[in-house]
file structure18.txt (compact mmCIF, C-alpha atoms)
# COMPACT_ATOMS: atom_id res chain seq x y z
CA MET A 1 -129.27 80.60 3.32
CA LYS A 2 -127.43 83.08 1.12
CA PHE A 3 -125.76 81.87 -2.07
CA PHE A 4 -122.35 83.24 -3.04
CA ALA A 5 -120.54 82.24 -6.24
CA ASP A 6 -116.91 81.23 -5.72
CA THR A 7 -115.41 82.47 -8.97
CA ALA A 8 -113.79 85.38 -10.80
CA ASP A 9 -115.57 84.50 -14.07
CA THR A 10 -117.70 87.58 -14.70
CA LYS A 11 -119.81 85.87 -17.36
CA GLU A 12 -120.84 83.15 -14.90
CA ILE A 13 -121.52 85.71 -12.18
CA ARG A 14 -123.71 87.80 -14.46
CA ASP A 15 -125.69 84.77 -15.62
CA LEU A 16 -126.39 83.53 -12.08
CA ALA A 17 -127.23 87.05 -10.90
CA ASP A 18 -129.71 87.47 -13.75
CA ALA A 19 -131.47 84.33 -12.50
CA GLY A 20 -131.75 85.79 -9.00
CA LEU A 21 -129.53 83.07 -7.53
CA LEU A 22 -126.75 85.18 -6.04
CA ASP A 23 -126.36 87.11 -2.81
CA GLY A 24 -122.63 87.73 -3.20
CA VAL A 25 -119.31 86.56 -4.66
CA THR A 26 -116.07 85.21 -3.22
CA THR A 27 -112.71 85.30 -4.94
CA ASN A 28 -109.20 84.22 -3.99
CA PRO A 29 -105.74 84.44 -5.58
CA SER A 30 -106.19 81.07 -7.32
CA LEU A 31 -109.49 82.15 -8.92
CA ILE A 32 -107.97 85.47 -10.02
CA HIS A 33 -105.08 83.54 -11.61
CA LYS A 34 -107.54 81.28 -13.41
CA ALA A 35 -109.41 84.30 -14.79
CA GLY A 36 -106.15 85.61 -16.27
CA ARG A 37 -107.03 89.25 -15.62
CA ASN A 38 -105.82 92.18 -13.54
CA PHE A 39 -106.92 91.70 -9.93
CA LEU A 40 -108.25 95.21 -9.30
CA GLU A 41 -110.05 95.41 -12.64
CA VAL A 42 -111.85 92.08 -12.36
CA VAL A 43 -112.90 92.69 -8.74
CA GLU A 44 -114.25 96.13 -9.67
CA GLU A 45 -116.25 94.58 -12.53
CA ILE A 46 -117.67 91.92 -10.22
CA CYS A 47 -118.72 94.58 -7.71
CA GLY A 48 -120.60 96.35 -10.49
CA ILE A 49 -122.41 93.17 -11.53
CA VAL A 50 -123.68 92.52 -7.99
CA PRO A 51 -124.05 96.02 -6.50
CA GLY A 52 -124.86 96.00 -2.81
CA MET A 53 -123.86 92.35 -2.45
CA PRO A 54 -120.65 91.37 -0.62
CA VAL A 55 -117.68 90.63 -2.87
CA SER A 56 -114.73 89.05 -1.06
CA ALA A 57 -111.30 90.11 -2.27
CA GLU A 58 -108.24 88.69 -0.57
CA VAL A 59 -105.06 90.36 0.65
CA VAL A 60 -101.91 88.33 0.04
CA ALA A 61 -99.46 89.67 2.62
CA LEU A 62 -99.01 87.86 5.93
CA ASP A 63 -97.79 90.63 8.25
CA TYR A 64 -100.13 93.18 9.83
CA GLU A 65 -98.63 96.32 8.35
CA THR A 66 -98.56 95.09 4.75
CA MET A 67 -101.98 93.49 5.02
CA MET A 68 -103.40 96.83 6.18
CA LYS A 69 -101.75 98.61 3.23
CA GLU A 70 -103.25 96.08 0.80
CA ALA A 71 -106.62 96.25 2.55
CA GLU A 72 -106.68 100.04 2.11
CA ILE A 73 -106.33 99.55 -1.64
CA VAL A 74 -108.82 96.69 -1.85
CA ARG A 75 -111.61 98.30 0.16
CA LYS A 76 -111.51 101.42 -2.02
CA ILE A 77 -112.57 99.38 -5.07
CA ALA A 78 -116.26 99.55 -4.12
CA ASP A 79 -118.58 99.91 -1.15
CA ASN A 80 -119.56 96.22 -1.29
CA ILE A 81 -116.04 94.85 -0.81
CA ALA A 82 -115.41 92.35 1.98
CA VAL A 83 -111.68 92.22 2.63
CA LYS A 84 -110.55 88.61 2.93
CA VAL A 85 -107.82 87.85 5.48
CA PRO A 86 -106.18 84.62 6.65
CA LEU A 87 -106.94 83.11 10.04
CA THR A 88 -103.70 84.10 11.73
CA ILE A 89 -103.00 86.43 14.64
CA ASP A 90 -102.02 89.21 12.24
CA GLY A 91 -105.07 88.45 10.12
CA LEU A 92 -107.30 88.78 13.19
CA LYS A 93 -105.65 92.10 14.06
CA VAL A 94 -106.44 93.34 10.56
CA CYS A 95 -110.00 92.02 10.95
CA LYS A 96 -110.48 93.98 14.17
CA ALA A 97 -109.06 97.19 12.70
CA LEU A 98 -111.14 97.01 9.53
CA THR A 99 -114.44 96.03 11.14
CA ASP A 100 -114.01 98.80 13.72
CA ASP A 101 -113.74 101.14 10.73
CA GLY A 102 -116.93 99.81 9.12
CA THR A 103 -115.42 97.48 6.50
CA MET A 104 -116.76 93.97 5.95
CA VAL A 105 -114.17 91.26 6.61
CA ASN A 106 -114.17 87.61 5.56
CA VAL A 107 -111.78 85.53 7.68
CA THR A 108 -110.76 82.57 5.54
CA LEU A 109 -109.03 79.19 5.84
CA CYS A 110 -110.90 78.15 8.98
CA PHE A 111 -110.52 74.50 9.98
CA SER A 112 -111.55 74.42 13.63
CA ALA A 113 -114.33 75.71 15.86
CA ASN A 114 -111.71 77.35 18.07
CA GLN A 115 -110.50 79.37 15.09
CA ALA A 116 -114.08 80.37 14.31
CA LEU A 117 -114.55 81.53 17.89
CA LEU A 118 -111.48 83.76 17.61
CA ALA A 119 -112.71 85.25 14.33
CA ALA A 120 -116.07 86.10 15.87
CA LYS A 121 -114.38 87.76 18.85
CA ALA A 122 -112.29 89.81 16.39
CA GLY A 123 -115.54 91.05 14.81
CA ALA A 124 -115.44 89.15 11.51
CA THR A 125 -118.39 89.72 9.21
CA PHE A 126 -117.93 86.25 7.74
CA ILE A 127 -116.03 83.15 8.82
CA SER A 128 -115.14 80.73 6.02
CA PRO A 129 -114.75 77.12 7.21
CA PHE A 130 -113.49 74.88 4.39
CA VAL A 131 -115.65 71.76 4.44
CA GLY A 132 -114.29 70.06 1.32
CA ARG A 133 -110.67 70.31 2.38
CA HIS A 134 -111.70 69.08 5.83
CA ASP A 135 -113.29 66.03 4.21
CA ASP A 136 -110.12 65.44 2.18
CA ILE A 137 -108.08 64.64 5.28
CA GLY A 138 -110.59 62.24 6.80
CA PHE A 139 -112.80 64.55 8.86
CA ASP A 140 -116.47 65.41 8.36
CA GLY A 141 -116.58 69.06 7.35
CA MET A 142 -120.22 69.33 8.39
CA ASP A 143 -119.33 68.41 11.98
CA LEU A 144 -117.28 71.61 11.96
CA ILE A 145 -120.24 73.65 10.71
CA GLU A 146 -122.47 72.20 13.42
CA ALA A 147 -119.93 73.07 16.12
CA ILE A 148 -119.53 76.65 14.89
CA ARG A 149 -123.30 77.10 14.64
CA LEU A 150 -123.72 75.91 18.24
CA ILE A 151 -121.00 78.22 19.57
CA TYR A 152 -122.22 81.26 17.67
CA ASP A 153 -125.79 80.66 18.83
CA ASN A 154 -124.64 80.15 22.43
CA TYR A 155 -123.06 83.59 22.54
CA ASP A 156 -125.18 85.45 19.98
CA PHE A 157 -122.26 86.32 17.71
CA ASP A 158 -123.14 88.33 14.61
CA THR A 159 -120.45 86.70 12.47
CA GLN A 160 -122.01 84.84 9.55
CA ILE A 161 -120.98 81.25 8.85
CA LEU A 162 -119.91 81.15 5.20
CA VAL A 163 -119.48 77.51 4.20
CA ALA A 164 -116.58 77.31 1.73
CA SER A 165 -114.75 74.62 -0.25
CA VAL A 166 -118.13 73.27 -1.30
CA ARG A 167 -117.66 70.32 -3.63
CA HIS A 168 -121.17 69.07 -4.44
CA PRO A 169 -124.90 69.72 -3.89
CA VAL A 170 -125.00 67.52 -0.77
CA HIS A 171 -122.66 69.96 0.97
CA ILE A 172 -125.13 72.75 0.21
CA LEU A 173 -128.11 70.76 1.48
CA GLN A 174 -126.33 69.78 4.68
CA ALA A 175 -125.21 73.36 5.30
CA ALA A 176 -128.77 74.61 4.86
CA LYS A 177 -130.15 71.98 7.27
CA ILE A 178 -127.57 72.91 9.91
CA GLY A 179 -128.44 76.58 9.57
CA ALA A 180 -125.33 78.08 7.98
CA ASP A 181 -125.83 81.71 6.99
CA VAL A 182 -124.07 81.54 3.64
CA MET A 183 -122.51 79.03 1.31
CA THR A 184 -120.11 79.77 -1.52
CA ALA A 185 -119.67 77.33 -4.38
CA PRO A 186 -118.36 77.21 -7.93
CA PRO A 187 -121.07 78.10 -10.48
CA ALA A 188 -121.08 74.52 -11.80
CA VAL A 189 -122.06 73.21 -8.35
CA ILE A 190 -124.83 75.81 -8.00
CA ARG A 191 -126.21 74.76 -11.40
CA GLN A 192 -126.27 71.12 -10.30
CA LEU A 193 -128.93 72.00 -7.74
CA VAL A 194 -131.54 72.38 -10.46
CA LYS A 195 -130.94 68.93 -11.91
CA HIS A 196 -133.21 65.99 -11.11
CA PRO A 197 -133.98 62.99 -13.36
CA LEU A 198 -137.70 63.19 -12.63
CA THR A 199 -137.77 66.84 -13.66
CA ASP A 200 -136.05 65.92 -16.94
CA LYS A 201 -138.42 63.01 -17.47
CA GLY A 202 -141.44 65.20 -16.80
CA ILE A 203 -140.31 67.82 -19.30
CA GLU A 204 -139.74 65.15 -21.95
CA GLY A 205 -143.23 63.73 -21.37
CA PHE A 206 -144.96 67.12 -21.51
CA LEU A 207 -143.13 68.10 -24.70
CA ALA A 208 -143.97 64.77 -26.36
CA ASP A 209 -147.67 65.18 -25.56
CA TRP A 210 -147.64 68.80 -26.64
CA ALA A 211 -146.13 67.86 -30.00
CA LYS A 212 -149.05 65.47 -30.54
CA THR A 213 -151.55 68.34 -30.21
CA GLY A 214 -150.08 70.08 -33.23
CA GLN A 215 -150.52 73.40 -31.49
CA THR A 216 -148.21 76.40 -30.97
CA ILE A 217 -148.25 79.19 -28.40
CA ALA A 218 -148.25 82.46 -30.29
call {"tool": "encode", "arguments": {"input": "structure18.txt", "output": "structure tokens"}}
result
Amino acid sequence: MKFFADTADTKEIRDLADAGLLDGVTTNPSLIHKAGRNFLEVVEEICGIVPGMPVSAEVVALDYETMMKEAEIVRKIADNIAVKVPLTIDGLKVCKALTDDGTMVNVTLCFSANQALLAAKAGATFISPFVGRHDDIGFDGMDLIEAIRLIYDNYDFDTQILVASVRHPVHILQAAKIGADVMTAPPAVIRQLVKHPLTDKGIEGFLADWAKTGQTIA
């Protein structure tokens, strides 16, 4: 499963990329606002940090014509841009037009398997079902991922399932077991994956015994 970082914090992206933990980045208007920087500048910097890896940048218009105008600007930032569009009829029209022209498209705000089916038929590169927000209203977000996986496998769709709104490491584990293609999570959640009390305990024990030897590694 590919790991994307859901952030516009370039320091975090660089650090995770240096560790070999990233396969791409997703951003959205809220994350850009949090970064407090110019949208085009920060997205261009991110693309340079992870060259060749998909970087999702979202259009903010809702009608087809304006979305296409924004998409033309966004996809010129770098070759590894995936234009992010909402799961609406106009968004799907934009998806079809852009993918036909060779541009990666991430269809976002997916909350049903029917929506995911439509995105795949429109040629989406990625579909982003929001598991955390699904959980928030009393549904099991992973049931949605299982349904999309089954449908995509049934019909051999190329669209990649990009599990979004990931809240904790269990979401990542469940997505991997189901067979999702990609997950995107905040850097803090990705870092939680490395933590285990037995690992910490083992390190403490080894260091204590090493200190007793009085040796150094030079």
call {"tool": "residues_around", "arguments": {"input": "structure18.txt", "residues": "segment 178-193 of chain A", "least_positions_apart": "4", "cutoff": "9 Å", "atoms": "only C-alpha atoms", "output": "JSON, numbers by chain"}}
result
{"A": [1, 2, 3, 4, 5, 6, 7, 12, 13, 16, 21, 23, 24, 25, 26, 126, 128, 142, 145, 146, 149, 160, 161, 162, 163, 164, 165, 166, 167, 168, 169, 172, 173, 174]}
call {"tool": "closest_residue", "arguments": {"input": "structure18.txt", "among": "A:Ala120, A:Gly91, A:Ile81, A:Val50", "to": "Thr103 of chain A", "atoms": "only C-alpha atoms"}}
result
A:Ile81
call {"tool": "residues_near_point", "arguments": {"input": "structure18.txt", "point": "(-104.9, 85.8, -7.4)", "cutoff": "12 Å", "atoms": "all atoms listed in the file", "output": "PyMOL selection string"}}
result
chain A and resi 7-8+26-40+42-43+57-60
call {"tool": "write_last_selection", "arguments": {"input": "structure18.txt", "atoms": "C-alpha atoms", "output": "mmCIF file, keeping the file's coordinate frame"}}
result
data_model
loop_
_atom_site.group_PDB
_atom_site.id
_atom_site.type_symbol
_atom_site.label_atom_id
_atom_site.label_comp_id
_atom_site.auth_asym_id
_atom_site.auth_seq_id
_atom_site.Cartn_x
_atom_site.Cartn_y
_atom_site.Cartn_z
ATOM 1 C CA THR A 7 -115.410 82.470 -8.970
ATOM 2 C CA ALA A 8 -113.790 85.380 -10.800
ATOM 3 C CA THR A 26 -116.070 85.210 -3.220
ATOM 4 C CA THR A 27 -112.710 85.300 -4.940
ATOM 5 C CA ASN A 28 -109.200 84.220 -3.990
ATOM 6 C CA PRO A 29 -105.740 84.440 -5.580
ATOM 7 C CA SER A 30 -106.190 81.070 -7.320
ATOM 8 C CA LEU A 31 -109.490 82.150 -8.920
ATOM 9 C CA ILE A 32 -107.970 85.470 -10.020
ATOM 10 C CA HIS A 33 -105.080 83.540 -11.610
ATOM 11 C CA LYS A 34 -107.540 81.280 -13.410
ATOM 12 C CA ALA A 35 -109.410 84.300 -14.790
ATOM 13 C CA GLY A 36 -106.150 85.610 -16.270
ATOM 14 C CA ARG A 37 -107.030 89.250 -15.620
ATOM 15 C CA ASN A 38 -105.820 92.180 -13.540
ATOM 16 C CA PHE A 39 -106.920 91.700 -9.930
ATOM 17 C CA LEU A 40 -108.250 95.210 -9.300
ATOM 18 C CA VAL A 42 -111.850 92.080 -12.360
ATOM 19 C CA VAL A 43 -112.900 92.690 -8.740
ATOM 20 C CA ALA A 57 -111.300 90.110 -2.270
ATOM 21 C CA GLU A 58 -108.240 88.690 -0.570
ATOM 22 C CA VAL A 59 -105.060 90.360 0.650
ATOM 23 C CA VAL A 60 -101.910 88.330 0.040
#
call {"tool": "closest_residue", "arguments": {"input": "structure18.txt", "among": "A:Phe111, A:Trp210, A:Tyr152, A:Phe157", "to": "Val131 of chain A", "atoms": "only C-alpha atoms"}}
result
A:Phe111
call {"tool": "axis_aligned_box", "arguments": {"input": "structure18.txt", "around": "segment 121-125 of chain A", "padding_each_side": "8 Å", "output": "AutoDock Vina command-line options"}}
result
--center_x -115.3 --center_y 89.4 --center_z 14.0 --size_x 22.1 --size_y 19.3 --size_z 25.6
call {"tool": "atom_distance", "arguments": {"input": "structure18.txt", "atom1": "atom CA of Val107 of chain A", "atom2": "atom CA of Ile127 of chain A"}}
result
5.0 Å
call {"tool": "residues_near_point", "arguments": {"input": "structure18.txt", "point": "(-113.9, 80.6, 15.0)", "cutoff": "9 Å", "atoms": "all atoms listed in the file", "output": "list of chain:residue names"}}
result
A:Leu87, A:Cys110, A:Phe111, A:Ser112, A:Ala113, A:Asn114, A:Gln115, A:Ala116, A:Leu117, A:Leu118, A:Ala119, A:Ala120, A:Lys121, A:Ile127, A:Pro129, A:Ile148, A:Ile151, A:Tyr152
call {"tool": "atom_distance", "arguments": {"input": "structure18.txt", "atom1": "atom CA of Asp135 of chain A", "atom2": "atom CA of Met67 of chain A"}}
result
29.7 Å
call {"tool": "atom_distance", "arguments": {"input": "structure18.txt", "atom1": "atom CA of Gly138 of chain A", "atom2": "atom CA of Pro86 of chain A"}}
result
22.8 Å
call {"tool": "residues_around", "arguments": {"input": "structure18.txt", "residues": "Arg75 of chain A", "least_positions_apart": "5", "cutoff": "10 Å", "atoms": "all atoms listed in the file", "output": "PyMOL selection string"}}
result
chain A and resi 56-57+70+80-83+98+103-105
call {"tool": "closest_residue", "arguments": {"input": "structure18.txt", "among": "A:Lys177, A:Lys93, A:Lys69, A:Arg14", "to": "Ala124 of chain A", "atoms": "only C-alpha atoms"}}
result
A:Lys93
call {"tool": "closest_residue", "arguments": {"input": "structure18.txt", "among": "A:Ile73, A:Cys95, A:Ala122, A:Val85", "to": "Leu109 of chain A", "atoms": "only C-alpha atoms"}}
result
A:Val85
call {"tool": "decode", "arguments": {"input": "structure18.txt", "residues": "segment 110-125 of chain A", "atoms": "all heavy atoms", "output": "PDB file, in the first residue's frame"}}
result
ATOM      1  N   CYS A 110     -15.663  11.264  -1.303  1.00  0.00           N
ATOM      2  CA  CYS A 110     -16.462  10.087  -1.640  1.00  0.00           C
ATOM      3  C   CYS A 110     -16.995   9.457  -0.355  1.00  0.00           C
ATOM      4  O   CYS A 110     -16.229   9.189   0.575  1.00  0.00           O
ATOM      5  CB  CYS A 110     -15.613   9.081  -2.402  1.00  0.00           C
ATOM      6  SG  CYS A 110     -16.411   7.491  -2.686  1.00  0.00           S
ATOM      7  N   PHE A 111     -18.313   9.202  -0.331  1.00  0.00           N
ATOM      8  CA  PHE A 111     -18.933   8.602   0.846  1.00  0.00           C
ATOM      9  C   PHE A 111     -19.814   7.401   0.526  1.00  0.00           C
ATOM     10  O   PHE A 111     -20.491   6.887   1.409  1.00  0.00           O
ATOM     11  CB  PHE A 111     -19.738   9.660   1.605  1.00  0.00           C
ATOM     12  CG  PHE A 111     -18.879  10.724   2.231  1.00  0.00           C
ATOM     13  CD1 PHE A 111     -18.665  11.925   1.571  1.00  0.00           C
ATOM     14  CD2 PHE A 111     -18.252  10.515   3.451  1.00  0.00           C
ATOM     15  CE1 PHE A 111     -17.856  12.904   2.132  1.00  0.00           C
ATOM     16  CE2 PHE A 111     -17.437  11.495   4.016  1.00  0.00           C
ATOM     17  CZ  PHE A 111     -17.248  12.685   3.354  1.00  0.00           C
ATOM     18  N   SER A 112     -19.811   6.957  -0.728  1.00  0.00           N
ATOM     19  CA  SER A 112     -20.589   5.773  -1.065  1.00  0.00           C
ATOM     20  C   SER A 112     -19.897   4.987  -2.171  1.00  0.00           C
ATOM     21  O   SER A 112     -19.126   5.554  -2.964  1.00  0.00           O
ATOM     22  CB  SER A 112     -22.012   6.142  -1.510  1.00  0.00           C
ATOM     23  OG  SER A 112     -22.017   6.623  -2.845  1.00  0.00           O
ATOM     24  N   ALA A 113     -20.193   3.695  -2.231  1.00  0.00           N
ATOM     25  CA  ALA A 113     -19.628   2.853  -3.282  1.00  0.00           C
ATOM     26  C   ALA A 113     -20.176   3.255  -4.649  1.00  0.00           C
ATOM     27  O   ALA A 113     -19.476   3.154  -5.660  1.00  0.00           O
ATOM     28  CB  ALA A 113     -19.924   1.382  -2.990  1.00  0.00           C
ATOM     29  N   ASN A 114     -21.424   3.711  -4.695  1.00  0.00           N
ATOM     30  CA  ASN A 114     -21.989   4.190  -5.952  1.00  0.00           C
ATOM     31  C   ASN A 114     -21.199   5.375  -6.502  1.00  0.00           C
ATOM     32  O   ASN A 114     -20.927   5.470  -7.703  1.00  0.00           O
ATOM     33  CB  ASN A 114     -23.450   4.597  -5.769  1.00  0.00           C
ATOM     34  CG  ASN A 114     -24.387   3.405  -5.728  1.00  0.00           C
ATOM     35  OD1 ASN A 114     -24.054   2.341  -6.227  1.00  0.00           O
ATOM     36  ND2 ASN A 114     -25.555   3.589  -5.133  1.00  0.00           N
ATOM     37  N   GLN A 115     -20.824   6.293  -5.611  1.00  0.00           N
ATOM     38  CA  GLN A 115     -20.013   7.435  -6.031  1.00  0.00           C
ATOM     39  C   GLN A 115     -18.665   6.964  -6.568  1.00  0.00           C
ATOM     40  O   GLN A 115     -18.171   7.473  -7.577  1.00  0.00           O
ATOM     41  CB  GLN A 115     -19.797   8.384  -4.852  1.00  0.00           C
ATOM     42  CG  GLN A 115     -21.027   9.146  -4.410  1.00  0.00           C
ATOM     43  CD  GLN A 115     -20.732  10.035  -3.213  1.00  0.00           C
ATOM     44  OE1 GLN A 115     -20.009   9.649  -2.298  1.00  0.00           O
ATOM     45  NE2 GLN A 115     -21.290  11.243  -3.227  1.00  0.00           N
ATOM     46  N   ALA A 116     -18.079   5.991  -5.887  1.00  0.00           N
ATOM     47  CA  ALA A 116     -16.780   5.465  -6.324  1.00  0.00           C
ATOM     48  C   ALA A 116     -16.881   4.808  -7.689  1.00  0.00           C
ATOM     49  O   ALA A 116     -15.958   4.899  -8.514  1.00  0.00           O
ATOM     50  CB  ALA A 116     -16.251   4.470  -5.295  1.00  0.00           C
ATOM     51  N   LEU A 117     -17.993   4.146  -7.948  1.00  0.00           N
ATOM     52  CA  LEU A 117     -18.218   3.519  -9.246  1.00  0.00           C
ATOM     53  C   LEU A 117     -18.270   4.588 -10.338  1.00  0.00           C
ATOM     54  O   LEU A 117     -17.679   4.430 -11.421  1.00  0.00           O
ATOM     55  CB  LEU A 117     -19.512   2.714  -9.214  1.00  0.00           C
ATOM     56  CG  LEU A 117     -19.969   2.030 -10.506  1.00  0.00           C
ATOM     57  CD1 LEU A 117     -18.907   1.087 -11.030  1.00  0.00           C
ATOM     58  CD2 LEU A 117     -21.282   1.282 -10.269  1.00  0.00           C
ATOM     59  N   LEU A 118     -18.965   5.686 -10.073  1.00  0.00           N
ATOM     60  CA  LEU A 118     -19.047   6.769 -11.048  1.00  0.00           C
ATOM     61  C   LEU A 118     -17.669   7.369 -11.328  1.00  0.00           C
ATOM     62  O   LEU A 118     -17.328   7.656 -12.483  1.00  0.00           O
ATOM     63  CB  LEU A 118     -19.987   7.868 -10.537  1.00  0.00           C
ATOM     64  CG  LEU A 118     -21.469   7.503 -10.411  1.00  0.00           C
ATOM     65  CD1 LEU A 118     -22.237   8.683  -9.820  1.00  0.00           C
ATOM     66  CD2 LEU A 118     -22.050   7.109 -11.767  1.00  0.00           C
ATOM     67  N   ALA A 119     -16.872   7.559 -10.281  1.00  0.00           N
ATOM     68  CA  ALA A 119     -15.542   8.141 -10.451  1.00  0.00           C
ATOM     69  C   ALA A 119     -14.667   7.245 -11.316  1.00  0.00           C
ATOM     70  O   ALA A 119     -13.916   7.730 -12.179  1.00  0.00           O
ATOM     71  CB  ALA A 119     -14.895   8.374  -9.093  1.00  0.00           C
ATOM     72  N   ALA A 120     -14.756   5.942 -11.094  1.00  0.00           N
ATOM     73  CA  ALA A 120     -13.970   5.006 -11.899  1.00  0.00           C
ATOM     74  C   ALA A 120     -14.396   5.061 -13.363  1.00  0.00           C
ATOM     75  O   ALA A 120     -13.565   5.031 -14.276  1.00  0.00           O
ATOM     76  CB  ALA A 120     -14.112   3.594 -11.347  1.00  0.00           C
ATOM     77  N   LYS A 121     -15.707   5.144 -13.605  1.00  0.00           N
ATOM     78  CA  LYS A 121     -16.198   5.212 -14.976  1.00  0.00           C
ATOM     79  C   LYS A 121     -15.770   6.517 -15.662  1.00  0.00           C
ATOM     80  O   LYS A 121     -15.605   6.559 -16.883  1.00  0.00           O
ATOM     81  CB  LYS A 121     -17.722   5.068 -14.997  1.00  0.00           C
ATOM     82  CG  LYS A 121     -18.199   3.660 -14.654  1.00  0.00           C
ATOM     83  CD  LYS A 121     -19.708   3.521 -14.776  1.00  0.00           C
ATOM     84  CE  LYS A 121     -20.163   3.578 -16.215  1.00  0.00           C
ATOM     85  NZ  LYS A 121     -19.657   2.448 -17.028  1.00  0.00           N
ATOM     86  N   ALA A 122     -15.566   7.574 -14.854  1.00  0.00           N
ATOM     87  CA  ALA A 122     -15.108   8.853 -15.399  1.00  0.00           C
ATOM     88  C   ALA A 122     -13.594   8.866 -15.609  1.00  0.00           C
ATOM     89  O   ALA A 122     -13.048   9.856 -16.092  1.00  0.00           O
ATOM     90  CB  ALA A 122     -15.524   9.997 -14.483  1.00  0.00           C
ATOM     91  N   GLY A 123     -12.924   7.773 -15.219  1.00  0.00           N
ATOM     92  CA  GLY A 123     -11.487   7.657 -15.468  1.00  0.00           C
ATOM     93  C   GLY A 123     -10.588   8.190 -14.379  1.00  0.00           C
ATOM     94  O   GLY A 123      -9.403   8.453 -14.621  1.00  0.00           O
ATOM     95  N   ALA A 124     -11.112   8.377 -13.154  1.00  0.00           N
ATOM     96  CA  ALA A 124     -10.308   8.917 -12.065  1.00  0.00           C
ATOM     97  C   ALA A 124      -9.043   8.103 -11.833  1.00  0.00           C
ATOM     98  O   ALA A 124      -9.062   6.869 -11.875  1.00  0.00           O
ATOM     99  CB  ALA A 124     -11.128   8.959 -10.777  1.00  0.00           C
ATOM    100  N   THR A 125      -7.954   8.796 -11.577  1.00  0.00           N
ATOM    101  CA  THR A 125      -6.711   8.124 -11.185  1.00  0.00           C
ATOM    102  C   THR A 125      -6.838   7.613  -9.759  1.00  0.00           C
ATOM    103  O   THR A 125      -6.450   6.474  -9.453  1.00  0.00           O
ATOM    104  CB  THR A 125      -5.524   9.099 -11.268  1.00  0.00           C
ATOM    105  OG1 THR A 125      -5.556   9.813 -12.503  1.00  0.00           O
ATOM    106  CG2 THR A 125      -4.201   8.347 -11.128  1.00  0.00           C
TER     107      THR A 125
END
